[in-house]
Amino acid sequence: MQKLLIVDDHRLFAEGIRFLIEQSTDYEVMRMLHKGNEVMPFLSKNDIDMVLLDIDLPDVSGFEITKMIRICCPRIKILALSMLNDLQSIKRMIDAGAAGYCNKSAGREELFRAIQKIVTGEVYLPLEYLKQ
């Protein structure tokens with residue numbers, strides 16, 4: 001079973017994602033964190049397979065957290081979840097080490113498709129990025 005960590009400062013959004021994942025998949029959401037500075041201490045003590053990571057956090061950016069995770073925990077896969085839909089943000093997250101990028105306006109099926117691709121070792125990018 002894949003163990004997930006959700007990092008998003010919007011609690012209602014994070015709780016919604018957790019509910020969708022736990023009701024519709026066999027993945028387990030181990031925890032939800034709401035600040036970037038909580039991520040590394042949590043990962044140092046817990047075995048996680050994937051982080052669903054917001055980019056725009058109030059204290060540390062998702063870009064920086066991704067770089068830190070790549071250094072200390074390279075086997076953990078990262079799926080960026082963001083309202084930012086510009087090509088520069090998508091490219092920047094992939095360059096930082098994320099395995100995928102999913103816009104928060106996407107539907108449930110797209111989120112599940114992104115998670116599944118990343119679990120199997122593929123990269124997931126939004127359709128608008130691939131059209132470029």
# chains A, B, ... in the order shown; residues from 1 in each chain; ligands from 1
call {"tool": "closest_atom_pairs", "arguments": {"of": "segment 63-128 of chain A", "to": "segment 5-14 of chain A", "cutoff": "10 Å", "atoms": "only C-alpha atoms", "output": "JSON lines"}}
result
{"residue": "A:Ile78", "atom": "CA", "partner": "A:Leu5", "partner_atom": "CA", "distance": 9.6}
{"residue": "A:Leu79", "atom": "CA", "partner": "A:Ile6", "partner_atom": "CA", "distance": 9.7}
{"residue": "A:Ala80", "atom": "CA", "partner": "A:Val7", "partner_atom": "CA", "distance": 9.6}
{"residue": "A:Leu81", "atom": "CA", "partner": "A:Asp8", "partner_atom": "CA", "distance": 8.5}
{"residue": "A:Ser82", "atom": "CA", "partner": "A:Asp8", "partner_atom": "CA", "distance": 9.3}
{"residue": "A:Lys104", "atom": "CA", "partner": "A:Phe13", "partner_atom": "CA", "distance": 9.1}
call {"tool": "residues_around", "arguments": {"residues": "Arg70 of chain A", "least_positions_apart": "2", "cutoff": "12 Å", "atoms": "only C-alpha atoms", "output": "ChimeraX atom specification"}}
result
/A:40,43,50-51,63-68,72-78,93-99
call {"tool": "closest_residue", "arguments": {"among": "A:Phe112, A:Ser105, A:Val60, A:Asp86", "to": "Asp26 of chain A", "atoms": "only C-alpha atoms"}}
result
A:Phe112
call {"tool": "select_by_dssp", "arguments": {"residues": "chain A", "states": "strand (DSSP E)", "output": "list in words"}}
result
Lys3, Leu4, Leu5, Ile6, Val7, Glu28, Val29, Met30, Arg31, Met32, Leu33, Met50, Val51, Leu52, Leu53, Asp54, Lys77, Ile78, Leu79, Ala80, Leu81, Ser82, Gly100, Tyr101, Cys102 and Asn103 of chain A
call {"tool": "write_last_selection", "arguments": {"atoms": "N, CA, C and O atoms", "output": "short mmCIF file (atom, residue, chain, number, x, y, z; two decimals), in the first residue's frame"}}
result
data_model
loop_
_atom_site.label_atom_id
_atom_site.label_comp_id
_atom_site.auth_asym_id
_atom_site.auth_seq_id
_atom_site.Cartn_x
_atom_site.Cartn_y
_atom_site.Cartn_z
N LYS A 3 1.91 4.93 0.84
CA LYS A 3 1.67 5.86 1.95
C LYS A 3 1.91 7.28 1.45
O LYS A 3 2.99 7.59 0.93
N LEU A 4 0.90 8.13 1.63
CA LEU A 4 0.95 9.48 1.12
C LEU A 4 0.98 10.51 2.24
O LEU A 4 0.44 10.29 3.32
N LEU A 5 1.60 11.63 1.94
CA LEU A 5 1.60 12.81 2.80
C LEU A 5 1.01 13.94 1.98
O LEU A 5 1.44 14.17 0.84
N ILE A 6 0.03 14.64 2.53
CA ILE A 6 -0.55 15.81 1.87
C ILE A 6 -0.03 17.05 2.58
O ILE A 6 -0.13 17.15 3.80
N VAL A 7 0.51 17.99 1.79
CA VAL A 7 1.01 19.25 2.36
C VAL A 7 0.30 20.39 1.64
O VAL A 7 0.56 20.65 0.46
N GLU A 28 -2.98 5.08 1.41
CA GLU A 28 -3.21 5.53 2.78
C GLU A 28 -2.58 6.91 2.97
O GLU A 28 -1.39 7.11 2.74
N VAL A 29 -3.40 7.85 3.40
CA VAL A 29 -2.88 9.19 3.73
C VAL A 29 -2.41 9.13 5.18
O VAL A 29 -3.20 8.98 6.10
N MET A 30 -1.10 9.21 5.34
CA MET A 30 -0.51 9.08 6.68
C MET A 30 -0.71 10.33 7.52
O MET A 30 -0.86 10.25 8.73
N ARG A 31 -0.70 11.48 6.83
CA ARG A 31 -0.81 12.74 7.58
C ARG A 31 -1.08 13.88 6.61
O ARG A 31 -0.75 13.80 5.44
N MET A 32 -1.64 14.95 7.14
CA MET A 32 -1.78 16.21 6.41
C MET A 32 -1.00 17.26 7.19
O MET A 32 -1.17 17.38 8.40
N LEU A 33 -0.15 17.96 6.49
CA LEU A 33 0.60 19.06 7.10
C LEU A 33 0.18 20.35 6.42
O LEU A 33 -0.17 20.35 5.24
N MET A 50 4.93 8.95 -1.23
CA MET A 50 4.65 10.08 -2.10
C MET A 50 4.15 11.28 -1.29
O MET A 50 3.41 11.10 -0.32
N VAL A 51 4.56 12.47 -1.74
CA VAL A 51 4.09 13.71 -1.14
C VAL A 51 3.25 14.44 -2.18
O VAL A 51 3.71 14.67 -3.30
N LEU A 52 2.03 14.80 -1.80
CA LEU A 52 1.20 15.68 -2.61
C LEU A 52 1.42 17.07 -2.05
O LEU A 52 1.03 17.35 -0.91
N LEU A 53 2.09 17.91 -2.81
CA LEU A 53 2.68 19.14 -2.27
C LEU A 53 2.16 20.39 -2.95
O LEU A 53 2.30 20.55 -4.17
N ASP A 54 1.58 21.27 -2.17
CA ASP A 54 1.19 22.59 -2.65
C ASP A 54 2.46 23.40 -2.89
O ASP A 54 3.45 23.24 -2.17
N LYS A 77 8.42 10.13 -4.05
CA LYS A 77 7.92 10.79 -5.24
C LYS A 77 7.10 12.01 -4.83
O LYS A 77 6.42 11.98 -3.80
N ILE A 78 7.16 13.04 -5.66
CA ILE A 78 6.47 14.29 -5.34
C ILE A 78 5.51 14.64 -6.47
O ILE A 78 5.91 14.70 -7.64
N LEU A 79 4.25 14.88 -6.10
CA LEU A 79 3.26 15.39 -7.03
C LEU A 79 2.89 16.79 -6.57
O LEU A 79 2.38 16.97 -5.47
N ALA A 80 3.20 17.77 -7.41
CA ALA A 80 2.84 19.16 -7.10
C ALA A 80 1.36 19.34 -7.35
O ALA A 80 0.83 18.91 -8.37
N LEU A 81 0.69 19.97 -6.40
CA LEU A 81 -0.71 20.36 -6.55
C LEU A 81 -0.76 21.87 -6.39
O LEU A 81 -0.36 22.39 -5.36
N SER A 82 -1.24 22.56 -7.42
CA SER A 82 -1.17 24.01 -7.35
C SER A 82 -2.26 24.68 -8.17
O SER A 82 -2.74 24.12 -9.15
N GLY A 100 5.59 14.96 -10.95
CA GLY A 100 4.36 15.32 -11.63
C GLY A 100 3.81 16.63 -11.14
O GLY A 100 4.25 17.17 -10.12
N TYR A 101 2.83 17.11 -11.89
CA TYR A 101 2.21 18.40 -11.61
C TYR A 101 0.74 18.29 -11.95
O TYR A 101 0.38 17.92 -13.06
N CYS A 102 -0.12 18.61 -11.00
CA CYS A 102 -1.56 18.55 -11.22
C CYS A 102 -2.17 19.86 -10.74
O CYS A 102 -1.91 20.29 -9.62
N ASN A 103 -2.95 20.48 -11.60
CA ASN A 103 -3.59 21.73 -11.24
C ASN A 103 -4.75 21.45 -10.29
O ASN A 103 -5.47 20.46 -10.44
#
call {"tool": "atom_distance", "arguments": {"atom1": "atom CA of Glu15 of chain A", "atom2": "atom CA of Lys91 of chain A"}}
result
27.2 Å
call {"tool": "atom_distance", "arguments": {"atom1": "atom CA of Ile48 of chain A", "atom2": "atom CA of His34 of chain A"}}
result
16.6 Å
call {"tool": "atom_distance", "arguments": {"atom1": "atom CA of Ile17 of chain A", "atom2": "atom CA of Glu122 of chain A"}}
result
21.3 Å
call {"tool": "select_by_dssp", "arguments": {"residues": "chain A", "states": "alpha helix (DSSP H)", "output": "PyMOL selection string"}}
result
chain A and resi 11-24+39-45+62-72+87-96+108-119+127-130
call {"tool": "write_last_selection", "arguments": {"atoms": "C-alpha atoms", "output": "PDB file, in the first residue's frame"}}
result
ATOM      1  CA  ARG A  11      -7.226  22.713   5.322  1.00  0.00           C
ATOM      2  CA  LEU A  12     -10.553  22.159   3.586  1.00  0.00           C
ATOM      3  CA  PHE A  13      -8.805  21.361   0.311  1.00  0.00           C
ATOM      4  CA  ALA A  14      -6.388  18.955   2.040  1.00  0.00           C
ATOM      5  CA  GLU A  15      -9.241  17.229   3.875  1.00  0.00           C
ATOM      6  CA  GLY A  16     -11.157  16.884   0.599  1.00  0.00           C
ATOM      7  CA  ILE A  17      -8.174  15.311  -1.154  1.00  0.00           C
ATOM      8  CA  ARG A  18      -7.659  12.972   1.781  1.00  0.00           C
ATOM      9  CA  PHE A  19     -11.304  11.894   1.689  1.00  0.00           C
ATOM     10  CA  LEU A  20     -11.218  11.290  -2.083  1.00  0.00           C
ATOM     11  CA  ILE A  21      -8.046   9.219  -1.847  1.00  0.00           C
ATOM     12  CA  GLU A  22      -9.110   7.153   1.138  1.00  0.00           C
ATOM     13  CA  GLN A  23     -12.621   6.477  -0.203  1.00  0.00           C
ATOM     14  CA  SER A  24     -11.614   5.716  -3.792  1.00  0.00           C
ATOM     15  CA  VAL A  39       7.664  18.467   6.142  1.00  0.00           C
ATOM     16  CA  MET A  40      11.304  17.540   6.723  1.00  0.00           C
ATOM     17  CA  PRO A  41      10.906  16.700  10.440  1.00  0.00           C
ATOM     18  CA  PHE A  42       7.926  14.488   9.552  1.00  0.00           C
ATOM     19  CA  LEU A  43       9.765  12.718   6.725  1.00  0.00           C
ATOM     20  CA  SER A  44      12.773  12.057   8.950  1.00  0.00           C
ATOM     21  CA  LYS A  45      10.575   9.963  11.258  1.00  0.00           C
ATOM     22  CA  GLY A  62       7.002  23.959  -2.567  1.00  0.00           C
ATOM     23  CA  PHE A  63       9.974  24.497  -4.888  1.00  0.00           C
ATOM     24  CA  GLU A  64      12.362  24.586  -1.926  1.00  0.00           C
ATOM     25  CA  ILE A  65      10.691  21.669  -0.152  1.00  0.00           C
ATOM     26  CA  THR A  66      10.977  19.593  -3.334  1.00  0.00           C
ATOM     27  CA  LYS A  67      14.708  20.293  -3.544  1.00  0.00           C
ATOM     28  CA  MET A  68      15.158  19.314   0.130  1.00  0.00           C
ATOM     29  CA  ILE A  69      13.220  16.074  -0.313  1.00  0.00           C
ATOM     30  CA  ARG A  70      15.287  15.162  -3.391  1.00  0.00           C
ATOM     31  CA  ILE A  71      18.466  15.522  -1.331  1.00  0.00           C
ATOM     32  CA  CYS A  72      17.459  13.674   1.832  1.00  0.00           C
ATOM     33  CA  LEU A  87       4.317  26.881 -17.791  1.00  0.00           C
ATOM     34  CA  GLN A  88       7.161  28.469 -15.817  1.00  0.00           C
ATOM     35  CA  SER A  89       5.830  27.124 -12.481  1.00  0.00           C
ATOM     36  CA  ILE A  90       5.294  23.661 -13.937  1.00  0.00           C
ATOM     37  CA  LYS A  91       8.801  23.586 -15.418  1.00  0.00           C
ATOM     38  CA  ARG A  92      10.310  24.922 -12.206  1.00  0.00           C
ATOM     39  CA  MET A  93       8.699  22.159 -10.105  1.00  0.00           C
ATOM     40  CA  ILE A  94       9.782  19.427 -12.510  1.00  0.00           C
ATOM     41  CA  ASP A  95      13.305  20.877 -12.583  1.00  0.00           C
ATOM     42  CA  ALA A  96      13.317  20.906  -8.758  1.00  0.00           C
ATOM     43  CA  ARG A 108     -10.809  13.554  -9.282  1.00  0.00           C
ATOM     44  CA  GLU A 109      -9.986  11.243 -12.182  1.00  0.00           C
ATOM     45  CA  GLU A 110      -7.086  13.413 -13.310  1.00  0.00           C
ATOM     46  CA  LEU A 111      -5.667  13.465  -9.783  1.00  0.00           C
ATOM     47  CA  PHE A 112      -5.905   9.675  -9.556  1.00  0.00           C
ATOM     48  CA  ARG A 113      -4.324   9.320 -13.008  1.00  0.00           C
ATOM     49  CA  ALA A 114      -1.445  11.568 -11.902  1.00  0.00           C
ATOM     50  CA  ILE A 115      -0.882   9.578  -8.710  1.00  0.00           C
ATOM     51  CA  GLN A 116      -1.015   6.245 -10.538  1.00  0.00           C
ATOM     52  CA  LYS A 117       1.458   7.341 -13.221  1.00  0.00           C
ATOM     53  CA  ILE A 118       3.895   8.574 -10.604  1.00  0.00           C
ATOM     54  CA  VAL A 119       3.549   5.372  -8.547  1.00  0.00           C
ATOM     55  CA  LEU A 127      -2.271  18.505 -20.914  1.00  0.00           C
ATOM     56  CA  GLU A 128      -1.681  22.235 -21.444  1.00  0.00           C
ATOM     57  CA  TYR A 129       2.024  21.732 -20.685  1.00  0.00           C
ATOM     58  CA  LEU A 130       2.311  18.875 -23.137  1.00  0.00           C
TER      59      LEU A 130
END
call {"tool": "closest_residue", "arguments": {"among": "A:Ser61, A:Leu125, A:Asp49, A:Thr120", "to": "Tyr27 of chain A", "atoms": "only C-alpha atoms"}}
result
A:Asp49
